[in-house]
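Novice: Contents of work_18.tsv (TSV, C-alpha atoms) are below:
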chain	number	residue	atom	x	y	z
A	1	MET	CA	-95.38	-33.46	101.88
A	2	ARG	CA	-95.38	-36.62	103.94
A	3	ILE	CA	-92.43	-38.49	105.47
A	4	PHE	CA	-93.23	-42.06	106.40
A	5	SER	CA	-92.13	-44.30	109.23
A	6	LYS	CA	-91.70	-48.04	108.74
A	7	LEU	CA	-94.52	-48.73	111.18
A	8	ALA	CA	-97.00	-46.84	109.06
A	9	LEU	CA	-95.67	-48.03	105.72
A	10	GLY	CA	-98.02	-50.97	105.13
A	11	ALA	CA	-101.12	-48.92	105.84
A	12	THR	CA	-99.75	-46.05	103.79
A	13	VAL	CA	-99.16	-48.15	100.70
A	14	ALA	CA	-102.67	-49.60	100.97
A	15	LEU	CA	-104.13	-46.11	101.30
A	16	TYR	CA	-102.04	-44.87	98.39
A	17	LEU	CA	-103.56	-47.56	96.17
A	18	SER	CA	-107.17	-46.85	97.15
A	19	PRO	CA	-109.51	-44.90	94.83
A	20	LEU	CA	-110.30	-42.43	97.62
A	21	ALA	CA	-106.63	-41.49	98.04
A	22	LEU	CA	-106.10	-41.18	94.30
A	23	ALA	CA	-108.98	-38.75	94.08
A	24	ALA	CA	-107.49	-36.43	96.71
A	25	GLN	CA	-104.97	-34.88	94.31
A	26	GLU	CA	-104.07	-35.17	90.65
A	27	VAL	CA	-100.59	-36.66	91.06
A	28	THR	CA	-98.65	-38.41	93.82
A	29	LEU	CA	-94.88	-38.63	93.46
A	30	ARG	CA	-92.92	-41.02	95.65
A	31	VAL	CA	-89.31	-40.18	96.56
A	32	HIS	CA	-87.02	-42.94	97.85
A	33	SER	CA	-83.69	-42.20	99.52
A	34	PHE	CA	-81.00	-44.05	101.43
A	35	GLY	CA	-80.34	-40.92	103.52
A	36	SER	CA	-81.32	-40.44	107.13
A	37	PRO	CA	-84.25	-38.08	107.78
A	38	ALA	CA	-81.79	-35.96	109.77
A	39	SER	CA	-79.23	-35.74	106.96
A	40	LEU	CA	-78.54	-32.51	105.13
A	41	ASP	CA	-79.98	-33.86	101.90
A	42	HIS	CA	-83.31	-34.41	103.59
A	43	THR	CA	-83.54	-31.41	105.89
A	44	ALA	CA	-82.27	-28.95	103.27
A	45	HIS	CA	-83.08	-30.68	99.99
A	46	LEU	CA	-85.57	-33.52	99.55
A	47	ASP	CA	-88.07	-32.49	102.24
A	48	ARG	CA	-87.92	-28.84	101.24
A	49	TRP	CA	-88.18	-29.78	97.54
A	50	ALA	CA	-91.32	-31.77	98.29
A	51	GLU	CA	-92.89	-28.85	100.14
A	52	LYS	CA	-92.01	-26.42	97.35
A	53	VAL	CA	-93.41	-28.64	94.61
A	54	GLU	CA	-96.63	-29.15	96.54
A	55	ALA	CA	-96.96	-25.40	97.15
A	56	ASP	CA	-96.08	-24.39	93.58
A	57	SER	CA	-98.65	-26.85	92.22
A	58	ASP	CA	-101.36	-25.54	94.55
A	59	GLY	CA	-101.60	-29.01	96.06
A	60	ARG	CA	-102.17	-30.78	92.75
A	61	ILE	CA	-98.91	-32.69	93.27
A	62	ALA	CA	-98.53	-34.63	96.51
A	63	VAL	CA	-94.99	-35.74	97.32
A	64	GLU	CA	-94.32	-38.67	99.62
A	65	VAL	CA	-90.74	-38.87	100.91
A	66	TYR	CA	-89.35	-42.20	102.11
A	67	PRO	CA	-85.93	-41.84	103.78
A	68	SER	CA	-83.62	-44.61	105.00
A	69	LEU	CA	-84.71	-47.07	102.27
A	70	GLN	CA	-88.13	-47.43	103.91
A	71	LEU	CA	-89.58	-49.02	100.78
A	72	GLY	CA	-87.03	-51.81	100.99
A	73	GLY	CA	-84.07	-52.92	98.96
A	74	SER	CA	-80.49	-51.71	99.09
A	75	VAL	CA	-78.87	-48.57	97.73
A	76	ALA	CA	-77.96	-50.58	94.61
A	77	ASP	CA	-81.69	-51.15	93.97
A	78	LEU	CA	-82.74	-47.51	93.88
A	79	VAL	CA	-82.21	-47.04	90.15
A	80	SER	CA	-84.16	-50.17	89.22
A	81	GLN	CA	-86.96	-49.15	91.60
A	82	MET	CA	-87.25	-45.87	89.69
A	83	GLU	CA	-86.98	-47.50	86.27
A	84	ASP	CA	-89.54	-50.20	87.20
A	85	GLY	CA	-92.04	-47.59	88.36
A	86	ILE	CA	-92.01	-48.60	92.02
A	87	VAL	CA	-91.04	-45.02	92.88
A	88	ASP	CA	-90.88	-41.85	90.84
A	89	ILE	CA	-87.79	-40.14	92.24
A	90	ILE	CA	-84.60	-41.38	93.90
A	91	TRP	CA	-81.58	-39.89	95.64
A	92	THR	CA	-78.34	-41.80	95.06
A	93	LEU	CA	-74.65	-41.62	94.12
A	94	PRO	CA	-73.18	-42.79	90.78
A	95	GLY	CA	-71.04	-45.50	92.33
A	96	PHE	CA	-73.89	-47.06	94.32
A	97	THR	CA	-75.16	-48.84	91.19
A	98	PRO	CA	-71.99	-50.38	89.74
A	99	GLY	CA	-71.65	-49.98	86.00
A	100	ARG	CA	-74.76	-47.78	85.61
A	101	PHE	CA	-73.29	-44.26	85.66
A	102	PRO	CA	-69.60	-44.53	84.70
A	103	GLY	CA	-69.70	-41.22	82.88
A	104	ALA	CA	-70.96	-39.39	85.95
A	105	GLN	CA	-68.25	-41.12	87.97
A	106	GLY	CA	-65.75	-39.20	85.87
A	107	LEU	CA	-66.79	-36.16	87.89
A	108	GLU	CA	-65.45	-37.99	90.97
A	109	LEU	CA	-62.00	-38.58	89.49
A	110	PRO	CA	-59.13	-37.28	91.65
A	111	PHE	CA	-58.07	-33.67	91.13
A	112	MET	CA	-60.92	-33.03	88.67
A	113	ASN	CA	-62.85	-31.03	91.28
A	114	THR	CA	-63.21	-27.34	92.02
A	115	GLY	CA	-63.05	-27.76	95.79
A	116	THR	CA	-66.42	-26.28	96.73
A	117	SER	CA	-69.87	-27.65	96.14
A	118	ALA	CA	-71.17	-24.27	94.94
A	119	THR	CA	-68.81	-24.39	91.95
A	120	MET	CA	-68.58	-28.16	91.38
A	121	SER	CA	-72.36	-28.61	91.26
A	122	PRO	CA	-72.92	-26.43	88.17
A	123	ALA	CA	-69.82	-27.97	86.58
A	124	ALA	CA	-71.36	-31.41	87.10
A	125	MET	CA	-74.68	-30.37	85.61
A	126	GLU	CA	-73.01	-28.77	82.59
A	127	PHE	CA	-70.78	-31.80	81.96
A	128	ILE	CA	-73.68	-34.24	82.16
A	129	GLU	CA	-75.98	-32.16	79.98
A	130	ALA	CA	-73.25	-31.67	77.37
A	131	ASN	CA	-72.01	-35.26	77.20
A	132	LEU	CA	-74.10	-37.93	78.92
A	133	ALA	CA	-77.58	-37.89	77.38
A	134	LYS	CA	-77.24	-41.58	76.50
A	135	GLU	CA	-76.24	-42.51	80.07
A	136	PHE	CA	-79.27	-40.68	81.49
A	137	GLU	CA	-81.76	-41.84	78.86
A	138	GLY	CA	-85.14	-42.42	80.47
A	139	ILE	CA	-84.26	-40.11	83.37
A	140	LYS	CA	-85.32	-36.57	84.17
A	141	ILE	CA	-82.48	-35.00	86.17
A	142	ILE	CA	-83.78	-32.96	89.10
A	143	SER	CA	-80.24	-32.12	90.19
A	144	VAL	CA	-76.74	-33.45	90.45
A	145	HIS	CA	-74.91	-31.56	93.14
A	146	ALA	CA	-71.55	-32.20	94.71
A	147	THR	CA	-70.48	-32.71	98.27
A	148	ASP	CA	-67.79	-30.42	99.58
A	149	ALA	CA	-64.27	-31.66	98.88
A	150	ALA	CA	-63.20	-35.11	100.04
A	151	LEU	CA	-59.82	-35.61	101.66
A	152	ILE	CA	-57.87	-38.31	103.49
A	153	HIS	CA	-58.68	-39.02	107.14
A	154	THR	CA	-56.51	-41.61	108.91
A	155	HIS	CA	-56.17	-43.39	112.24
A	156	GLY	CA	-52.79	-44.02	113.82
A	157	LYS	CA	-50.63	-43.03	110.87
A	158	PRO	CA	-50.48	-39.66	109.11
A	159	ILE	CA	-50.14	-39.24	105.36
A	160	ARG	CA	-47.72	-36.43	104.69
A	161	ALA	CA	-46.02	-37.75	101.53
A	162	LEU	CA	-46.63	-40.24	98.75
A	163	GLU	CA	-44.54	-42.90	100.47
A	164	ASP	CA	-46.89	-42.91	103.48
A	165	PHE	CA	-49.62	-44.62	101.46
A	166	GLN	CA	-47.68	-47.88	101.36
A	167	GLY	CA	-49.41	-50.60	103.39
A	168	MET	CA	-52.47	-48.47	104.13
A	169	LYS	CA	-56.04	-49.70	103.70
A	170	LEU	CA	-58.39	-46.85	102.82
A	171	ARG	CA	-62.16	-46.90	102.53
A	172	VAL	CA	-63.46	-45.66	99.16
A	173	ALA	CA	-66.96	-45.28	97.72
A	174	GLY	CA	-66.40	-45.90	94.02
A	175	ARG	CA	-64.39	-47.77	91.42
A	176	PHE	CA	-62.35	-44.94	89.96
A	177	ILE	CA	-61.35	-43.31	93.22
A	178	GLY	CA	-60.30	-46.83	94.18
A	179	GLU	CA	-58.05	-46.89	91.12
A	180	ALA	CA	-56.56	-43.61	92.28
A	181	VAL	CA	-55.88	-45.04	95.75
A	182	LYS	CA	-54.05	-47.94	94.14
A	183	GLY	CA	-52.00	-45.50	92.09
A	184	LEU	CA	-51.04	-43.68	95.28
A	185	GLY	CA	-49.83	-46.96	96.76
A	186	ALA	CA	-52.61	-47.92	99.20
A	187	THR	CA	-55.26	-50.64	99.10
A	188	PRO	CA	-58.84	-49.49	98.46
A	189	VAL	CA	-61.59	-51.04	100.57
A	190	GLY	CA	-65.24	-50.65	99.58
A	191	MET	CA	-67.85	-50.45	102.32
A	192	GLY	CA	-71.03	-48.62	103.17
A	193	LEU	CA	-70.86	-45.35	105.04
A	194	GLY	CA	-72.63	-46.83	108.05
A	195	ASP	CA	-69.84	-49.41	108.51
A	196	VAL	CA	-66.91	-46.99	108.43
A	197	TYR	CA	-66.88	-45.87	112.09
A	198	GLU	CA	-66.65	-49.42	113.41
A	199	ALA	CA	-64.12	-50.44	110.75
A	200	LEU	CA	-61.86	-47.56	111.79
A	201	SER	CA	-62.28	-48.24	115.50
A	202	ARG	CA	-61.39	-51.91	115.01
A	203	GLY	CA	-58.45	-51.25	112.71
A	204	GLN	CA	-60.07	-52.98	109.76
A	205	VAL	CA	-59.17	-49.94	107.68
A	206	ASP	CA	-56.53	-47.30	108.33
A	207	GLY	CA	-58.45	-44.39	106.96
A	208	MET	CA	-61.06	-43.14	104.54
A	209	LEU	CA	-61.53	-40.71	101.70
A	210	ILE	CA	-64.59	-38.61	102.46
A	211	ASN	CA	-65.77	-35.00	102.51
A	212	TRP	CA	-65.55	-32.78	105.58
A	213	ALA	CA	-69.29	-32.17	105.97
A	214	ILE	CA	-70.13	-35.82	106.60
A	215	THR	CA	-67.50	-36.24	109.32
A	216	GLN	CA	-69.37	-34.27	111.98
A	217	PRO	CA	-72.78	-36.05	111.99
A	218	PHE	CA	-71.00	-39.43	111.91
A	219	ARG	CA	-68.50	-38.29	114.59
A	220	PHE	CA	-65.60	-39.66	112.57
A	221	TYR	CA	-63.22	-37.39	114.48
A	222	GLU	CA	-63.56	-39.87	117.35
A	223	VAL	CA	-61.87	-42.63	115.33
A	224	THR	CA	-59.36	-40.60	113.29
A	225	ASP	CA	-56.20	-38.73	114.23
A	226	TYR	CA	-54.91	-37.09	111.06
A	227	HIS	CA	-56.49	-35.25	108.15
A	228	THR	CA	-54.52	-34.52	104.99
A	229	ASP	CA	-56.43	-31.44	103.97
A	230	TYR	CA	-56.21	-31.19	100.20
A	231	PRO	CA	-59.31	-31.64	97.98
A	232	LEU	CA	-58.85	-34.98	96.24
A	233	PHE	CA	-62.32	-35.32	94.72
A	234	GLN	CA	-65.99	-34.55	95.25
A	235	SER	CA	-68.85	-37.04	95.31
A	236	MET	CA	-71.93	-36.51	93.15
A	237	LEU	CA	-75.35	-36.57	94.81
A	238	MET	CA	-78.00	-37.34	92.21
A	239	THR	CA	-81.72	-36.63	92.48
A	240	LEU	CA	-83.29	-38.43	89.53
A	241	MET	CA	-86.87	-38.73	88.30
A	242	SER	CA	-88.31	-41.35	86.00
A	243	GLN	CA	-88.84	-39.78	82.59
A	244	ASP	CA	-92.08	-41.74	82.31
A	245	SER	CA	-93.35	-40.20	85.55
A	246	TYR	CA	-92.42	-36.76	84.28
A	247	ASP	CA	-93.97	-37.32	80.85
A	248	ARG	CA	-97.31	-38.33	82.40
A	249	LEU	CA	-97.67	-34.88	83.97
A	250	PRO	CA	-99.71	-32.19	82.24
A	251	ASP	CA	-97.63	-29.33	80.88
A	252	ASP	CA	-98.35	-26.93	83.74
A	253	LEU	CA	-97.21	-29.51	86.32
A	254	LYS	CA	-94.13	-30.32	84.24
A	255	ALA	CA	-93.35	-26.61	84.56
A	256	VAL	CA	-93.49	-26.94	88.35
A	257	ILE	CA	-90.90	-29.74	88.27
A	258	ASP	CA	-88.75	-27.78	85.81
A	259	ALA	CA	-88.81	-24.72	88.06
A	260	ASN	CA	-87.45	-26.85	90.90
A	261	SER	CA	-84.75	-28.59	88.88
A	262	GLY	CA	-81.65	-27.86	86.86
A	263	ILE	CA	-78.33	-26.09	87.17
A	264	GLU	CA	-79.52	-23.17	89.31
A	265	TYR	CA	-81.21	-25.51	91.76
A	266	ALA	CA	-78.10	-27.72	91.93
A	267	THR	CA	-75.97	-24.66	92.60
A	268	ARG	CA	-78.21	-23.63	95.51
A	269	MET	CA	-77.86	-27.10	96.98
A	270	GLY	CA	-74.11	-26.76	96.62
A	271	GLU	CA	-74.11	-23.51	98.51
A	272	ILE	CA	-76.00	-25.21	101.35
A	273	TRP	CA	-73.53	-28.10	101.46
A	274	ASP	CA	-70.62	-25.67	101.74
A	275	THR	CA	-72.05	-24.19	104.94
A	276	ALA	CA	-71.37	-27.52	106.68
A	277	THR	CA	-67.65	-27.68	105.82
A	278	ASP	CA	-66.14	-25.26	108.33
A	279	PRO	CA	-68.18	-26.46	111.35
A	280	ALA	CA	-67.17	-30.06	110.61
A	281	ARG	CA	-63.53	-29.11	110.24
A	282	GLN	CA	-63.65	-27.13	113.48
A	283	ALA	CA	-65.22	-30.06	115.34
A	284	THR	CA	-62.25	-32.16	114.25
A	285	VAL	CA	-59.78	-29.52	115.39
A	286	ASP	CA	-61.60	-29.24	118.73
A	287	ALA	CA	-61.24	-33.01	119.14
A	288	GLY	CA	-57.45	-32.56	119.04
A	289	ASP	CA	-56.81	-34.10	115.62
A	290	GLU	CA	-53.96	-32.87	113.43
A	291	ILE	CA	-54.66	-31.11	110.12
A	292	ILE	CA	-51.90	-31.75	107.57
A	293	THR	CA	-51.19	-29.51	104.59
A	294	LEU	CA	-49.21	-30.46	101.49
A	295	SER	CA	-46.60	-28.54	99.54
A	296	ASP	CA	-47.14	-27.80	95.86
A	297	ALA	CA	-44.32	-30.18	95.01
A	298	GLU	CA	-45.96	-33.02	96.95
A	299	ILE	CA	-49.33	-32.36	95.33
A	300	ALA	CA	-47.66	-32.60	91.92
A	301	ARG	CA	-46.32	-36.05	92.83
A	302	TRP	CA	-49.81	-37.21	93.80
A	303	LYS	CA	-51.32	-35.88	90.59
A	304	GLU	CA	-48.83	-37.89	88.58
A	305	ALA	CA	-49.47	-41.04	90.62
A	306	VAL	CA	-53.24	-41.07	90.04
A	307	LYS	CA	-53.07	-40.94	86.23
A	308	PRO	CA	-53.89	-44.68	85.92
A	309	ALA	CA	-57.36	-43.81	87.25
A	310	TYR	CA	-57.84	-41.44	84.30
A	311	ASP	CA	-56.72	-44.14	81.88
A	312	ALA	CA	-59.15	-46.64	83.43
A	313	TRP	CA	-62.05	-44.21	83.10
A	314	ILE	CA	-61.21	-43.31	79.50
A	315	ALA	CA	-61.00	-47.01	78.60
A	316	GLU	CA	-64.36	-47.66	80.28
A	317	MET	CA	-66.02	-44.86	78.34
A	318	ASP	CA	-64.45	-46.11	75.09
A	319	SER	CA	-65.97	-49.53	75.78
A	320	ARG	CA	-69.40	-47.91	76.02
A	321	GLY	CA	-69.20	-46.23	72.64
A	322	TYR	CA	-67.94	-42.82	73.72
A	323	ASP	CA	-64.73	-41.12	72.69
A	324	GLY	CA	-63.14	-41.43	76.13
A	325	ALA	CA	-60.25	-39.06	75.44
A	326	ALA	CA	-62.59	-36.36	74.12
A	327	LEU	CA	-64.85	-36.86	77.11
A	328	PHE	CA	-61.92	-36.46	79.49
A	329	GLN	CA	-60.92	-33.26	77.71
A	330	SER	CA	-64.46	-31.93	78.12
A	331	LEU	CA	-64.33	-32.82	81.81
A	332	GLN	CA	-61.08	-30.91	82.22
A	333	GLU	CA	-62.33	-27.87	80.31
A	334	ILE	CA	-65.65	-27.58	82.14
A	335	THR	CA	-64.22	-28.07	85.62
A	336	ALA	CA	-61.41	-25.60	84.86
A	337	LYS	CA	-64.05	-23.04	83.83
A	338	TYR	CA	-65.63	-23.38	87.27
A	339	GLY	CA	-62.39	-23.12	89.20
A	340	ARG	CA	-60.48	-26.41	89.16
A	341	LYS	CA	-56.86	-25.79	90.08
Would you mind writing the structure in this file as structure tokens?
Specialist:
Amino acid sequence: MRIFSKLALGATVALYLSPLALAAQEVTLRVHSFGSPASLDHTAHLDRWAEKVEADSDGRIAVEVYPSLQLGGSVADLVSQMEDGIVDIIWTLPGFTPGRFPGAQGLELPFMNTGTSATMSPAAMEFIEANLAKEFEGIKIISVHATDAALIHTHGKPIRALEDFQGMKLRVAGRFIGEAVKGLGATPVGMGLGDVYEALSRGQVDGMLINWAITQPFRFYEVTDYHTDYPLFQSMLMTLMSQDSYDRLPDDLKAVIDANSGIEYATRMGEIWDTATDPARQATVDAGDEIITLSDAEIARWKEAVKPAYDAWIAEMDSRGYDGAALFQSLQEITAKYGRK
């Protein structure tokens, strides 16, 4: 497994294309990710996956991992890079390519989550496999695993009740959670994760909806004061392989990919993500921030307020030829089976 720096990239691509390099192993798979090399999904997932695939194939598969968008483009380009054959495997989120994975974004709807990645990840895999074959046509799913639960983190003003959302600007990462924020009474603001710290410090947004685990490496506790600690939703982290790249493999190498993919693999990734939740929460407590809990009655008010987000998702899925209401029922049933409250 090789991880490439930008300085070596030009020479690497030239070497990759040379006959000598192609003769060194049967197959080379290129993985492209927006994540930092130090992020959990590289140190515990993509890099380790590459090593395991190389070992399980006895070196017949070489895996090149390119973090931090080293092959160019933006996060929105990752899917097209995979589909155009520029890379074989990508790591992305459903909302990063607007309009491409609306069905998978249903898994990020408010209050449709189980609260832990170890339970939400298999729920996500089961829901996708049962309902979204058309949406993932041409794609071999390595895994879809969830972050730990996302909650509301704010600067300057706490959110203790539904009325506190009024006048607030909150950073969101997807269309449908943005619809939920509007239903709650705040204004959703879309921006990349790397811009959030500065936006909070400058007062350009009043808060964000994001999972606990990501707050510690980004030191968000330095620019927030209050944390309304109830699981609103969970983001989906998708590792996807071009079906064409998979189909070109001989059967025994397909078996290697299969053995390092699927619902059990996604569940293991979820278990790893959950280990980062408590340390991140504790770092926030140690910084002196206030953790806010909600009463059952208040939670019920919020659940009623976000229903327009469900209606928007159902309508979107209807427009794409699905039975949106039946799909929403399946989403509810599967997530309830895995522990949704």
Novice: Give me the residues near Asp88 of chain A as a list in words, where near means some atom within 7 Å (using all atoms listed in the file) and where sequence neighbours in that chain fewer than 5 positions away do not count.
Specialist: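 My list of contacting residues is Leu29, Arg30, Val31, Met82, Met241, Ser242 and Ser245 of chain A.
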Novice: Give the answer as one residue: which of A:Ser117, A:Met112, A:Val181, A:Asp247 has the shortest atom-to-atom distance to Phe328 of chain A, using only C-alpha atoms?
Specialist: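 Counting only C-alpha atoms, the residue closest to Phe328 of chain A is A:Met112.
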Novice: Taking into account all atoms listed in the file, which residue in the set A:Ile139, A:Ile299, A:Leu327, A:Ala173 is nearest to Phe111 of chain A?
Specialist: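 Among the listed residues, the smallest separation from Phe111 of chain A belongs to A:Ile299.
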Novice: How many Å lie between atom CA of Asp195 of chain A and atom CA of Gln105 of chain A, rounded to one decimal?
Specialist: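 Atom-to-atom, atom CA of Asp195 of chain A and atom CA of Gln105 of chain A are spaced 22.2 Å apart.
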Novice: Would you pick out the contacts of segment 198-208 of chain A at 7 Å or less, using only C-alpha atoms, so that residues sharing its chain but fewer than 5 positions from it are not included, and give the list as a compact mmCIF listing (two decimals) with C-alpha atoms, keeping the file's coordinate frame?
Specialist:
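And here's selection-v3.txt as it stands now:
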# COMPACT_ATOMS: atom_id res chain seq x y z
CA ILE A 152 -57.87 -38.31 103.49
CA HIS A 153 -58.68 -39.02 107.14
CA THR A 154 -56.51 -41.61 108.91
CA HIS A 155 -56.17 -43.39 112.24
CA MET A 168 -52.47 -48.47 104.13
CA LYS A 169 -56.04 -49.70 103.70
CA LEU A 170 -58.39 -46.85 102.82
CA ARG A 171 -62.16 -46.90 102.53
CA VAL A 172 -63.46 -45.66 99.16
CA VAL A 223 -61.87 -42.63 115.33
Novice: Of the candidates A:Gly72, A:Gly190, A:Gly262, A:Pro217, which shows the shortest atom-to-atom distance to Thr239 of chain A, using only C-alpha atoms?
Specialist: A:Gly262
Novice: Using 6 Å of padding on each side, determine the axis-aligned box around all atoms of segment 306-313 of chain A present in the file and give its centre and edge lengths in Å to one decimal, as AutoDock Vina command-line options.
Specialist:
--center_x -57.6 --center_y -43.8 --center_z 86.0 --size_x 21.0 --size_y 17.7 --size_z 20.2
Novice: Using all atoms listed in the file, which of A:Leu209, A:Ala161, A:Glu179, A:Met236 sits nearest Met269 of chain A?
Specialist: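 Result for the nearest residue to Met269 of chain A: A:Met236.
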Novice: May I have the residues within 10 Å of Arg301 of chain A as a ChimeraX atom specification, using all atoms listed in the file and disregarding those fewer than 5 positions away in the same chain?
Specialist: /A:161-162,184,296,306
Novice: Excluding same-chain residues fewer than 4 positions from Gln234 of chain A, what lies within 7 Å of it counting all atoms listed in the file, as a PDB file with C-alpha atoms, keeping the file's coordinate frame?
Specialist:
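result-v9.pdb written:
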ATOM      1  CA  GLU A 108     -65.450 -37.990  90.970  1.00  0.00           C
ATOM      2  CA  ASN A 113     -62.850 -31.030  91.280  1.00  0.00           C
ATOM      3  CA  ALA A 146     -71.550 -32.200  94.710  1.00  0.00           C
ATOM      4  CA  THR A 147     -70.480 -32.710  98.270  1.00  0.00           C
ATOM      5  CA  ASP A 148     -67.790 -30.420  99.580  1.00  0.00           C
ATOM      6  CA  ALA A 149     -64.270 -31.660  98.880  1.00  0.00           C
ATOM      7  CA  ALA A 150     -63.200 -35.110 100.040  1.00  0.00           C
TER       8      ALA A 150
END
Novice: Report the distance between atom CA of Ala283 of chain A and atom CA of Ser39 of chain A in Å, rounded to one decimal place.
Specialist: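 Between these atoms lies a distance of 17.3 Å.
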Novice: Would you please work out which residue, of A:Pro250, A:Gly183, A:Gly138, A:Gly85, is nearest to Tyr310 of chain A when using all atoms listed in the file?
Specialist: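 Residue with the minimum atom-to-atom distance to Tyr310 of chain A: A:Gly183.
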Novice: (-73.6, -20.1, 95.7) in this file's frame - what residues fall within 9 Å of it? Use all atoms listed in the file and give the answer as a list in words.
Specialist: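 Residues satisfying the cut-off, written out: Ser117, Ala118, Thr119, Thr267, Arg268, Met269, Gly270, Glu271, Ile272 and Asp274 of chain A.
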Novice: Counting only C-alpha atoms, figure out which residue out of A:Arg60, A:His32, A:Lys341, A:Arg320 gets nearest to Lys303 of chain A.
Specialist: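 Closest to Lys303 of chain A, using only C-alpha atoms: A:Lys341.
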Novice: Rounded to one decimal in Å, what is the spacing between atom CA of Glu264 of chain A and atom CA of Trp49 of chain A?
Specialist: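 Between atom CA of Glu264 of chain A and atom CA of Trp49 of chain A the gap is 13.7 Å.
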Novice: Just want the 7 Å neighbourhood of Val63 of chain A, counted on all atoms listed in the file, with same-chain residues fewer than 4 positions away dropped. Output as a list in words.
Specialist: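 Selected residues are Met1, Arg2, Thr28, Leu29, Arg30, Ala50 and Glu54 of chain A.
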Novice: Residues within 9 Å of (-63.1, -28.6, 85.5), file coordinates, counting only C-alpha atoms: what are they? Give the list as number ranges by chain.
Specialist: A: 107, 112-114, 120, 123-124, 330-341
Novice: Would you kindly place N, CA, C and O atoms on segment 206-218 of chain A and return the model as a short mmCIF file (atom, residue, chain, number, x, y, z; two decimals), in the coordinates of the input?
Specialist:
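Below you can see result.cif, which holds the result:
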data_model
loop_
_atom_site.label_atom_id
_atom_site.label_comp_id
_atom_site.auth_asym_id
_atom_site.auth_seq_id
_atom_site.Cartn_x
_atom_site.Cartn_y
_atom_site.Cartn_z
N ASP A 206 -57.41 -48.30 107.71
CA ASP A 206 -56.53 -47.30 108.33
C ASP A 206 -57.01 -45.88 108.12
O ASP A 206 -56.51 -44.95 108.76
N GLY A 207 -57.97 -45.73 107.23
CA GLY A 207 -58.45 -44.39 106.96
C GLY A 207 -59.55 -44.42 105.92
O GLY A 207 -60.03 -45.49 105.49
N MET A 208 -59.97 -43.25 105.50
CA MET A 208 -61.06 -43.14 104.54
C MET A 208 -60.86 -41.88 103.70
O MET A 208 -60.19 -40.93 104.11
N LEU A 209 -61.46 -41.89 102.54
CA LEU A 209 -61.53 -40.71 101.70
C LEU A 209 -62.98 -40.24 101.71
O LEU A 209 -63.87 -40.94 101.21
N ILE A 210 -63.22 -39.09 102.31
CA ILE A 210 -64.59 -38.61 102.46
C ILE A 210 -64.57 -37.10 102.68
O ILE A 210 -63.56 -36.54 103.09
N ASN A 211 -65.70 -36.47 102.40
CA ASN A 211 -65.77 -35.00 102.51
C ASN A 211 -65.89 -34.57 103.97
O ASN A 211 -66.32 -35.32 104.83
N TRP A 212 -65.50 -33.32 104.22
CA TRP A 212 -65.55 -32.78 105.58
C TRP A 212 -66.96 -32.83 106.17
O TRP A 212 -67.16 -33.22 107.32
N ALA A 213 -67.96 -32.39 105.40
CA ALA A 213 -69.29 -32.17 105.97
C ALA A 213 -69.88 -33.41 106.61
O ALA A 213 -70.61 -33.31 107.60
N ILE A 214 -69.54 -34.59 106.08
CA ILE A 214 -70.13 -35.82 106.60
C ILE A 214 -69.42 -36.29 107.87
O ILE A 214 -69.96 -37.13 108.60
N THR A 215 -68.25 -35.75 108.17
CA THR A 215 -67.50 -36.24 109.32
C THR A 215 -68.14 -35.86 110.65
O THR A 215 -68.05 -36.60 111.63
N GLN A 216 -68.81 -34.71 110.70
CA GLN A 216 -69.37 -34.27 111.98
C GLN A 216 -70.60 -35.08 112.40
O GLN A 216 -70.64 -35.59 113.53
N PRO A 217 -71.62 -35.26 111.53
CA PRO A 217 -72.78 -36.05 111.99
C PRO A 217 -72.43 -37.50 112.30
O PRO A 217 -73.08 -38.12 113.15
N PHE A 218 -71.41 -38.05 111.64
CA PHE A 218 -71.00 -39.43 111.91
C PHE A 218 -69.91 -39.51 113.00
O PHE A 218 -69.46 -40.60 113.32
#
